[in-house]
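What follows is the content of start_8.txt, which has compact mmCIF, C-alpha atoms and all ligand atoms:
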# COMPACT_ATOMS: atom_id res chain seq x y z
CA MET A 215 6.44 27.55 0.87
CA ALA A 216 6.32 25.21 -2.08
CA ASP A 217 2.76 24.62 -3.00
CA ILE A 218 2.32 23.65 -6.64
CA ASN A 219 -0.23 25.20 -8.96
CA LEU A 220 -1.17 23.88 -12.37
CA THR A 221 -3.52 26.12 -14.34
CA ALA A 222 -5.31 24.83 -17.46
CA VAL A 223 -2.26 22.80 -18.46
CA GLU A 224 -2.25 20.93 -21.77
CA LYS A 225 0.59 18.95 -23.25
CA HIS A 226 0.45 17.74 -26.84
CA PHE A 227 3.00 15.59 -28.64
CA ASP A 228 2.74 16.10 -32.42
CA GLY A 229 -0.80 17.39 -31.95
CA VAL A 230 -1.84 14.38 -29.85
CA PRO A 231 -2.91 15.38 -26.31
CA ALA A 232 -1.02 13.64 -23.47
CA LEU A 233 -2.40 16.02 -20.81
CA GLN A 234 -5.72 17.86 -20.99
CA SER A 235 -7.32 20.58 -18.82
CA ILE A 236 -5.09 19.97 -15.80
CA THR A 237 -5.93 22.49 -13.08
CA ALA A 238 -4.82 21.46 -9.59
CA HIS A 239 -3.45 22.90 -6.38
CA LEU A 240 -1.04 20.75 -4.36
CA ASN A 241 -0.49 22.10 -0.83
CA ASP A 242 2.88 22.92 0.67
CA GLY A 243 4.21 19.79 2.41
CA GLU A 244 1.59 17.51 0.92
CA PHE A 245 2.35 13.99 -0.35
CA VAL A 246 0.36 13.57 -3.57
CA ALA A 247 0.33 10.38 -5.63
CA LEU A 248 -0.39 10.45 -9.37
CA LEU A 249 -2.20 7.19 -9.97
CA GLY A 250 -3.52 5.75 -13.20
CA PRO A 251 -3.09 3.08 -15.87
CA SER A 252 -0.18 2.97 -18.29
CA GLY A 253 -0.20 5.84 -20.77
CA CYS A 254 -2.60 8.11 -18.81
CA GLY A 255 -0.01 10.91 -18.58
CA LYS A 256 1.49 10.50 -15.07
CA SER A 257 5.14 10.73 -16.14
CA THR A 258 4.42 13.58 -18.54
CA LEU A 259 2.84 15.57 -15.69
CA LEU A 260 5.84 14.87 -13.43
CA ARG A 261 8.31 15.80 -16.18
CA LEU A 262 6.41 19.04 -16.67
CA LEU A 263 6.79 19.88 -12.95
CA ALA A 264 10.48 19.00 -13.19
CA GLY A 265 11.01 21.22 -16.22
CA PHE A 266 11.98 18.40 -18.62
CA GLU A 267 8.84 19.21 -20.65
CA THR A 268 7.07 22.52 -21.31
CA PRO A 269 3.28 22.86 -21.45
CA THR A 270 1.60 23.41 -24.82
CA GLN A 271 -0.93 25.58 -22.98
CA GLY A 272 -1.35 26.81 -19.41
CA ALA A 273 0.98 27.66 -16.55
CA VAL A 274 2.84 25.97 -13.67
CA SER A 275 4.07 27.58 -10.47
CA ILE A 276 6.10 26.14 -7.58
CA GLY A 277 5.91 28.23 -4.42
CA ALA A 278 5.78 31.91 -5.27
CA ALA A 279 7.59 31.46 -8.58
CA GLU A 280 5.96 30.80 -11.91
CA VAL A 281 8.18 28.20 -13.61
CA ALA A 282 6.36 27.65 -16.92
CA ASN A 283 3.85 29.61 -18.92
CA ALA A 284 2.89 28.69 -22.48
CA ALA A 285 1.46 32.16 -23.17
CA THR A 286 4.63 34.08 -22.23
CA GLY A 287 7.11 31.36 -23.22
CA LEU A 288 8.55 31.22 -19.68
CA ALA A 289 10.35 27.90 -19.04
CA VAL A 290 12.58 27.79 -15.95
CA PRO A 291 15.12 24.95 -16.45
CA PRO A 292 15.16 21.96 -14.03
CA GLU A 293 18.38 23.03 -12.28
CA ALA A 294 16.91 26.43 -11.44
CA ARG A 295 13.84 24.88 -9.72
CA ASN A 296 14.60 23.83 -6.13
CA ILE A 297 13.36 20.28 -6.60
CA GLY A 298 14.73 16.78 -6.07
CA PHE A 299 14.10 13.75 -8.27
CA VAL A 300 13.99 10.07 -7.46
CA PHE A 301 13.72 7.72 -10.41
CA GLN A 302 13.08 4.02 -10.82
CA SER A 303 16.61 3.69 -12.20
CA TYR A 304 18.22 5.39 -9.11
CA ALA A 305 20.45 7.56 -11.36
CA LEU A 306 23.53 7.16 -9.13
CA TRP A 307 27.08 7.88 -10.30
CA PRO A 308 28.54 4.34 -10.64
CA HIS A 309 32.16 5.47 -10.13
CA MET A 310 31.46 7.33 -6.88
CA SER A 311 31.09 5.89 -3.38
CA VAL A 312 27.78 6.19 -1.52
CA ARG A 313 29.17 9.14 0.45
CA ARG A 314 30.30 10.98 -2.68
CA ASN A 315 26.99 10.32 -4.44
CA VAL A 316 25.09 11.74 -1.46
CA ALA A 317 27.42 14.76 -1.12
CA TYR A 318 27.27 15.55 -4.84
CA PRO A 319 24.57 18.29 -4.69
CA LEU A 320 26.67 20.06 -2.01
CA ASP A 321 29.83 19.93 -4.19
CA VAL A 322 27.96 21.83 -6.86
CA ARG A 323 26.82 24.44 -4.29
CA GLY A 324 30.33 25.01 -2.98
CA ILE A 325 29.72 25.05 0.79
CA SER A 326 32.45 24.59 3.45
CA LYS A 327 34.02 21.15 3.90
CA ALA A 328 32.90 20.85 7.54
CA ASP A 329 29.28 21.67 6.65
CA LYS A 330 29.42 19.23 3.78
CA ILE A 331 30.57 16.37 6.06
CA ARG A 332 27.96 17.24 8.70
CA GLN A 333 25.06 17.41 6.23
CA THR A 334 26.15 14.26 4.38
CA ASP A 335 26.47 12.32 7.64
CA ALA A 336 23.00 13.48 8.70
CA ALA A 337 21.47 12.36 5.37
CA LEU A 338 23.24 8.98 5.54
CA ALA A 339 22.01 8.43 9.12
CA ALA A 340 18.45 9.49 8.24
CA THR A 341 18.26 6.85 5.52
CA GLY A 342 20.02 4.13 7.52
CA LEU A 343 23.12 4.15 5.30
CA GLN A 344 25.82 5.12 7.80
CA HIS A 345 27.51 1.72 7.49
CA TYR A 346 27.47 1.76 3.68
CA ALA A 347 29.12 5.15 3.13
CA ASP A 348 32.27 3.71 1.54
CA ARG A 349 30.59 1.16 -0.72
CA MET A 350 30.16 1.62 -4.46
CA PRO A 351 26.59 1.55 -5.94
CA ALA A 352 27.29 -1.83 -7.61
CA GLU A 353 27.83 -3.33 -4.13
CA LEU A 354 24.33 -2.38 -2.92
CA SER A 355 20.88 -3.97 -3.18
CA GLY A 356 18.08 -2.20 -5.07
CA GLY A 357 16.50 -0.94 -1.84
CA GLN A 358 19.85 0.39 -0.61
CA ARG A 359 20.45 2.19 -3.92
CA GLN A 360 17.04 3.82 -3.66
CA ARG A 361 17.99 4.97 -0.14
CA VAL A 362 21.14 6.58 -1.59
CA ALA A 363 18.96 8.45 -4.10
CA LEU A 364 16.76 9.63 -1.20
CA ALA A 365 19.76 10.64 0.92
CA ARG A 366 21.06 12.67 -2.02
CA CYS A 367 17.67 14.40 -2.18
CA LEU A 368 17.75 15.04 1.55
CA VAL A 369 21.10 16.90 1.51
CA SER A 370 19.92 19.27 -1.17
CA ALA A 371 16.89 20.30 1.02
CA PRO A 372 14.53 20.70 -1.94
CA ASP A 373 11.15 22.44 -1.69
CA ALA A 374 9.56 19.63 -3.66
CA VAL A 375 10.55 16.04 -4.44
CA LEU A 376 9.32 14.32 -7.60
CA LEU A 377 9.36 10.53 -7.62
CA ASP A 378 8.70 8.43 -10.73
CA GLU A 379 7.77 4.84 -9.80
CA PRO A 380 10.78 4.61 -7.45
CA LEU A 381 9.83 1.14 -6.17
CA ALA A 382 8.99 -0.47 -9.51
CA ASN A 383 12.23 -2.50 -9.62
CA LEU A 384 11.96 -3.90 -6.09
CA ASP A 385 10.34 -7.09 -4.83
CA VAL A 386 7.06 -7.00 -2.92
CA ALA A 387 8.51 -7.32 0.61
CA LEU A 388 11.10 -4.62 0.01
CA ARG A 389 8.46 -2.33 -1.50
CA ALA A 390 6.47 -2.44 1.74
CA SER A 391 9.48 -1.54 3.89
CA MET A 392 10.57 1.18 1.45
CA GLN A 393 7.10 2.75 1.72
CA ASP A 394 7.94 3.40 5.39
CA VAL A 395 11.28 4.91 4.35
CA PHE A 396 9.48 7.32 1.97
CA SER A 397 6.90 8.22 4.62
CA ASP A 398 9.69 8.90 7.17
CA PHE A 399 11.50 10.99 4.57
CA HIS A 400 8.33 13.00 4.03
CA ASP A 401 7.77 13.52 7.78
CA ARG A 402 11.40 14.51 8.27
CA THR A 403 11.74 16.99 5.40
CA GLY A 404 8.22 18.43 5.19
CA ALA A 405 8.84 18.66 1.43
CA THR A 406 5.97 18.66 -1.01
CA MET A 407 6.14 15.23 -2.68
CA VAL A 408 4.63 14.11 -5.96
CA TYR A 409 4.83 10.37 -6.45
CA VAL A 410 3.96 8.55 -9.69
CA THR A 411 2.65 5.01 -9.40
CA HIS A 412 0.21 2.66 -11.09
CA ASP A 413 -0.10 0.64 -7.84
CA GLN A 414 -3.18 1.74 -5.91
CA SER A 415 -2.14 0.09 -2.64
CA GLU A 416 1.17 2.00 -2.75
CA ALA A 417 -0.67 5.28 -3.35
CA MET A 418 -3.20 4.52 -0.57
CA ALA A 419 -0.44 3.62 1.90
CA MET A 420 1.59 6.80 1.52
CA ALA A 421 -0.31 9.69 -0.03
CA ASP A 422 -2.22 12.48 1.72
CA ARG A 423 -4.17 12.86 -1.53
CA ILE A 424 -4.28 10.88 -4.75
CA ALA A 425 -4.81 12.36 -8.22
CA VAL A 426 -6.45 9.59 -10.24
CA MET A 427 -5.64 10.08 -13.92
CA SER A 428 -7.27 8.73 -17.04
CA GLU A 429 -6.54 9.66 -20.66
CA GLY A 430 -4.52 12.76 -19.81
CA ARG A 431 -6.96 14.17 -17.24
CA ILE A 432 -7.11 14.25 -13.44
CA VAL A 433 -10.51 12.65 -12.92
CA GLN A 434 -10.54 12.94 -9.11
CA LEU A 435 -8.07 14.45 -6.62
CA ASP A 436 -9.01 13.48 -3.06
CA THR A 437 -7.82 11.71 0.09
CA PRO A 438 -7.55 7.90 -0.14
CA GLU A 439 -10.61 7.61 2.14
CA ILE A 440 -12.79 9.84 -0.04
CA LEU A 441 -11.64 8.12 -3.25
CA TYR A 442 -12.58 4.76 -1.75
CA ASN A 443 -15.82 5.78 -0.03
CA GLN A 444 -17.08 8.45 -2.42
CA PRO A 445 -15.82 7.80 -5.95
CA ARG A 446 -17.27 10.26 -8.47
CA SER A 447 -17.05 8.04 -11.55
CA LYS A 448 -17.17 4.44 -12.67
CA PHE A 449 -13.48 4.71 -13.56
CA VAL A 450 -12.40 5.76 -10.03
CA ALA A 451 -14.74 3.25 -8.38
CA GLY A 452 -13.15 0.49 -10.45
CA PHE A 453 -9.54 1.65 -10.23
CA VAL A 454 -9.38 2.30 -6.47
CA GLY A 455 -10.33 -0.64 -4.26
CA GLU A 456 -12.45 -3.68 -4.95
CA GLY A 457 -16.08 -3.65 -5.83
CA THR A 458 -18.76 -3.60 -8.46
CA VAL A 459 -20.56 -0.66 -10.05
CA LEU A 460 -24.28 -1.29 -10.64
CA PRO A 461 -27.12 0.82 -12.06
CA ILE A 462 -29.94 1.90 -9.72
CA GLY A 463 -33.32 3.52 -10.36
CA ASP A 464 -36.29 5.26 -8.70
CA VAL A 465 -34.27 7.33 -6.23
CA ASP A 466 -36.45 8.56 -3.36
CA HIS A 467 -35.16 11.43 -1.17
CA SER A 468 -38.27 11.65 1.05
CA GLY A 469 -37.91 10.68 4.72
CA ASN A 470 -34.63 10.36 6.65
CA MET A 471 -32.93 7.98 4.25
CA VAL A 472 -32.31 8.10 0.53
CA GLN A 473 -33.62 4.95 -1.10
CA ALA A 474 -33.28 3.46 -4.56
CA ARG A 475 -34.29 0.33 -6.46
CA LEU A 476 -31.80 -2.39 -7.29
CA LEU A 477 -33.02 -5.57 -9.00
CA ARG A 478 -36.63 -4.78 -7.96
CA LYS A 479 -35.63 -4.42 -4.26
CA THR A 480 -35.45 -1.20 -2.25
CA ILE A 481 -32.06 -0.38 -0.72
CA THR A 482 -30.75 2.55 1.32
CA ILE A 483 -27.98 4.55 -0.34
CA LYS A 484 -25.55 7.37 0.54
CA THR A 485 -25.25 10.16 -1.98
CA ASP A 486 -24.74 13.91 -2.38
CA THR A 487 -26.51 14.23 -5.71
CA GLN A 488 -30.20 14.49 -6.54
CA SER A 489 -30.46 11.77 -9.18
CA PRO A 490 -27.64 9.25 -8.82
CA ASN A 491 -27.77 6.42 -11.35
CA LEU A 492 -24.91 4.15 -10.20
CA ILE A 493 -23.79 2.59 -6.92
CA CYS A 494 -20.34 1.38 -5.95
CA LEU A 495 -20.74 -1.84 -3.97
CA ARG A 496 -17.69 -2.61 -1.82
CA PRO A 497 -17.39 -5.93 0.08
CA GLU A 498 -18.19 -4.16 3.38
CA HIS A 499 -21.59 -3.03 2.05
CA ILE A 500 -22.72 -6.63 1.76
CA SER A 501 -23.80 -8.77 4.67
CA ILE A 502 -24.82 -12.36 4.47
CA THR A 503 -28.08 -12.93 6.36
CA GLU A 504 -30.81 -15.53 6.49
CA THR A 505 -33.34 -12.78 5.87
CA GLY A 506 -31.38 -10.99 3.13
CA ASP A 507 -33.43 -9.12 0.56
CA LEU A 508 -31.51 -10.49 -2.39
CA ARG A 509 -30.59 -14.06 -3.27
CA ALA A 510 -27.03 -14.75 -4.37
CA GLU A 511 -25.08 -17.84 -5.38
CA VAL A 512 -21.51 -18.55 -4.29
CA GLN A 513 -19.24 -18.69 -7.35
CA ARG A 514 -15.86 -18.53 -5.65
CA CYS A 515 -14.58 -18.66 -2.07
CA THR A 516 -10.96 -17.60 -1.43
CA TYR A 517 -9.21 -17.75 1.95
CA LEU A 518 -7.60 -14.41 2.86
CA GLY A 519 -6.33 -15.40 6.33
CA GLY A 520 -8.91 -14.96 9.10
CA ARG A 521 -11.70 -14.43 6.55
CA TYR A 522 -12.92 -15.47 3.12
CA ARG A 523 -13.49 -13.42 -0.01
CA LEU A 524 -16.68 -14.54 -1.76
CA THR A 525 -17.64 -13.88 -5.34
CA LEU A 526 -21.42 -14.07 -5.48
CA HIS A 527 -23.77 -13.93 -8.43
CA LEU A 528 -26.95 -11.87 -8.03
CA PRO A 529 -30.12 -13.29 -9.64
CA ASP A 530 -29.38 -11.46 -12.91
CA GLY A 531 -25.86 -12.96 -13.02
CA THR A 532 -24.03 -9.81 -11.84
CA PRO A 533 -20.91 -10.75 -9.84
CA ILE A 534 -20.37 -8.98 -6.50
CA GLN A 535 -17.65 -9.37 -3.87
CA ALA A 536 -18.39 -10.04 -0.20
CA GLU A 537 -16.44 -11.10 2.87
CA SER A 538 -17.31 -13.80 5.34
CA ARG A 539 -15.89 -15.54 8.40
CA ASP A 540 -17.18 -18.89 7.09
CA ARG A 541 -16.27 -20.99 4.11
CA TYR A 542 -19.12 -21.72 1.68
CA ALA A 543 -19.29 -24.43 -0.94
CA LEU A 544 -19.64 -23.37 -4.56
CA GLY A 545 -23.27 -23.16 -5.62
CA THR A 546 -24.58 -22.38 -2.09
CA GLN A 547 -27.60 -20.06 -2.20
CA LEU A 548 -27.29 -17.21 0.31
CA GLY A 549 -29.42 -14.24 1.34
CA VAL A 550 -27.58 -10.92 1.16
CA SER A 551 -28.52 -7.46 2.31
CA ILE A 552 -26.93 -4.29 1.07
CA LYS A 553 -26.01 -1.56 3.55
CA ALA A 554 -25.78 2.05 2.35
CA PRO A 555 -23.41 1.93 -0.63
CA TRP A 556 -22.21 5.20 -2.21
CA ALA A 557 -24.30 6.36 -5.16
CA PHE A 558 -23.16 8.84 -7.80
CA THR A 559 -24.17 10.25 -11.15
CA GLU A 560 -22.45 9.43 -14.40
CA VAL A 561 -23.94 10.21 -17.78
P1 LIG A 601 3.38 4.53 -17.78
O1 LIG A 601 2.69 4.15 -16.50
O2 LIG A 601 3.31 3.46 -18.82
O3 LIG A 601 4.77 5.08 -17.58
P2 LIG A 601 2.26 7.21 -17.99
O4 LIG A 601 0.92 7.34 -17.36
O5 LIG A 601 3.41 7.72 -17.23
O6 LIG A 601 2.50 5.72 -18.45
P3 LIG A 601 3.14 8.99 -20.08
O7 LIG A 601 4.49 8.40 -20.18
O8 LIG A 601 3.00 10.31 -19.42
O9 LIG A 601 2.13 7.96 -19.38
O10 LIG A 601 2.53 9.08 -21.54
C1 LIG A 601 1.27 9.69 -21.83
C2 LIG A 601 1.04 9.67 -23.33
O11 LIG A 601 1.93 10.58 -23.97
C3 LIG A 601 1.28 8.31 -23.95
O12 LIG A 601 0.31 8.12 -24.97
C4 LIG A 601 2.67 8.44 -24.55
O13 LIG A 601 2.81 7.61 -25.67
C5 LIG A 601 2.71 9.91 -24.92
N1 LIG A 601 4.09 10.45 -24.86
C6 LIG A 601 4.84 10.61 -23.73
N2 LIG A 601 6.02 11.15 -24.02
C7 LIG A 601 6.06 11.34 -25.37
C8 LIG A 601 7.02 11.88 -26.31
N3 LIG A 601 8.20 12.36 -25.89
N4 LIG A 601 6.67 11.91 -27.61
C9 LIG A 601 5.48 11.47 -28.04
N5 LIG A 601 4.53 10.95 -27.22
C10 LIG A 601 4.80 10.90 -25.91
Show me the file's structure as structure tokens.
Amino acid sequence: MADINLTAVEKHFDGVPALQSITAHLNDGEFVALLGPSGCGKSTLLRLLAGFETPTQGAVSIGAAEVANAATGLAVPPEARNIGFVFQSYALWPHMSVRRNVAYPLDVRGISKADKIRQTDAALAATGLQHYADRMPAELSGGQRQRVALARCLVSAPDAVLLDEPLANLDVALRASMQDVFSDFHDRTGATMVYVTHDQSEAMAMADRIAVMSEGRIVQLDTPEILYNQPRSKFVAGFVGEGTVLPIGDVDHSGNMVQARLLRKTITIKTDTQSPNLICLRPEHISITETGDLRAEVQRCTYLGGRYRLTLHLPDGTPIQAESRDRYALGTQLGVSIKAPWAFTEV
């Protein structure tokens, strides 16, 4: 079992907080992405799990073992935590062949030669590297090098794997295919994985849950679907997925549906709070109809393949995003109706 527990973790550098009030439970075998803008503390949190940093306050445990505790001064070093790392820079030994790089964690453990060959072959096959075993790292592409780093992780059978923007150096097409490699790796090993990225589509594609971070805090830790459909703050609504956050008023909970006022019109909303004051309007909440309650003007029409993305201006000038099967000329006046967007409270 390698669940991960962070309890009231703070990390300060020269008195400046990089992580604040981090309390989170990551389940055994879960793939969790740490997502947020540059400087929000993702790498610091990962380095703390790895043991390269110690918390200023709070405690960290991996599985049954506490690995760091600011109050007692406990700080288990990285090599004594059963974890694997995959970095952007691959961190391969340049003078060793692919096979020797992959076998390296087994050399250090001192197991029998036959077991070493068997386990190394299995890791090479699992990452599609069996034909590259004798090459040197300099003779490989970026994607292949990242596979070597994964294969090396696989042989060491870690309880948890920590990945810091491992695809950042790769081109877009290779990133997509490597996402499948990471997902396969996760299915195969059942390891708990913590994956740092600032790319929301990457996090959405792979993670069971995403911890969205802002200014050193985890602002929401939820499945990709919940983050998209039920954001709890303007920051999460804006950072995950497309859409616009707008203020609403006069929320009415009587009857079967919750209703609110938006630009002097009544709309139906979805919410789990008594007095929401904001809605998150995604393109799928907006339909273009002759009889739409609100008027909107087409400002931009972009072809996405099979459909168009429209930027529309509401009567007060607020831009919203919609989708349509048809192309519209700029300046066209349309009727739009709004179907049950998510509403939440933010002070
Ligand atoms: P990026 O996406 O740019 O890598 P990040 O979310 O991973 O950013 P961190 O690298 O964790 O962010 O940095 C969080 C904050 O802590 C930043 O303000 C950074 O300047 C600061 N910081 C990180 N490491 C140190 C350090 N060793 N000494 C001083 N400040 C640090």
> Which protein, DNA or RNA residues are at most 9 Å from (-33.1, -5.5, -9.9) in the file's coordinates when you count all atoms listed in the file, listed as a count of residues only?
Replying inline: 9
All residues within 6 Å of ligand LIG 601 (chain A) are required, counting all atoms listed in the file; please report them as a short mmCIF file (atom, residue, chain, number, x, y, z; two decimals) with C-alpha atoms, in the frame of the given file.
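Wrote result.cif, looks like this:
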data_model
loop_
_atom_site.label_atom_id
_atom_site.label_comp_id
_atom_site.auth_asym_id
_atom_site.auth_seq_id
_atom_site.Cartn_x
_atom_site.Cartn_y
_atom_site.Cartn_z
CA PHE A 227 3.00 15.59 -28.64
CA ALA A 232 -1.02 13.64 -23.47
CA PRO A 251 -3.09 3.08 -15.87
CA SER A 252 -0.18 2.97 -18.29
CA GLY A 253 -0.20 5.84 -20.77
CA CYS A 254 -2.60 8.11 -18.81
CA GLY A 255 -0.01 10.91 -18.58
CA LYS A 256 1.49 10.50 -15.07
CA SER A 257 5.14 10.73 -16.14
CA THR A 258 4.42 13.58 -18.54
#
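The coordinates place atom CA of A:Glu456 at 24.1 Å from atom CA of A:Ser489.
Proximity to A:His345 at 12 Å, evaluated using all atoms listed in the file and with sequence-adjacent residues fewer than 4 positions away removed, yields Val312, Arg313, Asp335, Leu338, Ala339, Ala340, Thr341, Arg349, Leu354 and Gln358 of chain A.
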Dump of C-alpha atoms for the selected residues, as a tab-separated table (two decimals), in the coordinates of the input:
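Below you can see result_11.tsv, which holds the result:
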chain	number	residue	atom	x	y	z
A	312	VAL	CA	27.78	6.19	-1.52
A	313	ARG	CA	29.17	9.14	0.45
A	335	ASP	CA	26.47	12.32	7.64
A	338	LEU	CA	23.24	8.98	5.54
A	339	ALA	CA	22.01	8.43	9.12
A	340	ALA	CA	18.45	9.49	8.24
A	341	THR	CA	18.26	6.85	5.52
A	349	ARG	CA	30.59	1.16	-0.72
A	354	LEU	CA	24.33	-2.38	-2.92
A	358	GLN	CA	19.85	0.39	-0.61
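Residues having any atom no farther than 8 Å from (13.9, 17.7, 1.3) (counting all atoms listed in the file) are Gly298, Cys367, Leu368, Val369, Ser370, Ala371, Pro372, Asp373, Ala374, Val375, Phe399, His400, Thr403, Gly404 and Ala405 of chain A.
Minimum distance to A:Ile331 across A:Leu248, A:Ala387, A:Val316, A:Leu460 (counting all atoms listed in the file) occurs at A:Val316.
If all atoms listed in the file are the atoms counted, then among A:Arg323, A:Pro380, A:Tyr517, A:Gly272 the closest residue to A:Glu293 is A:Arg323.
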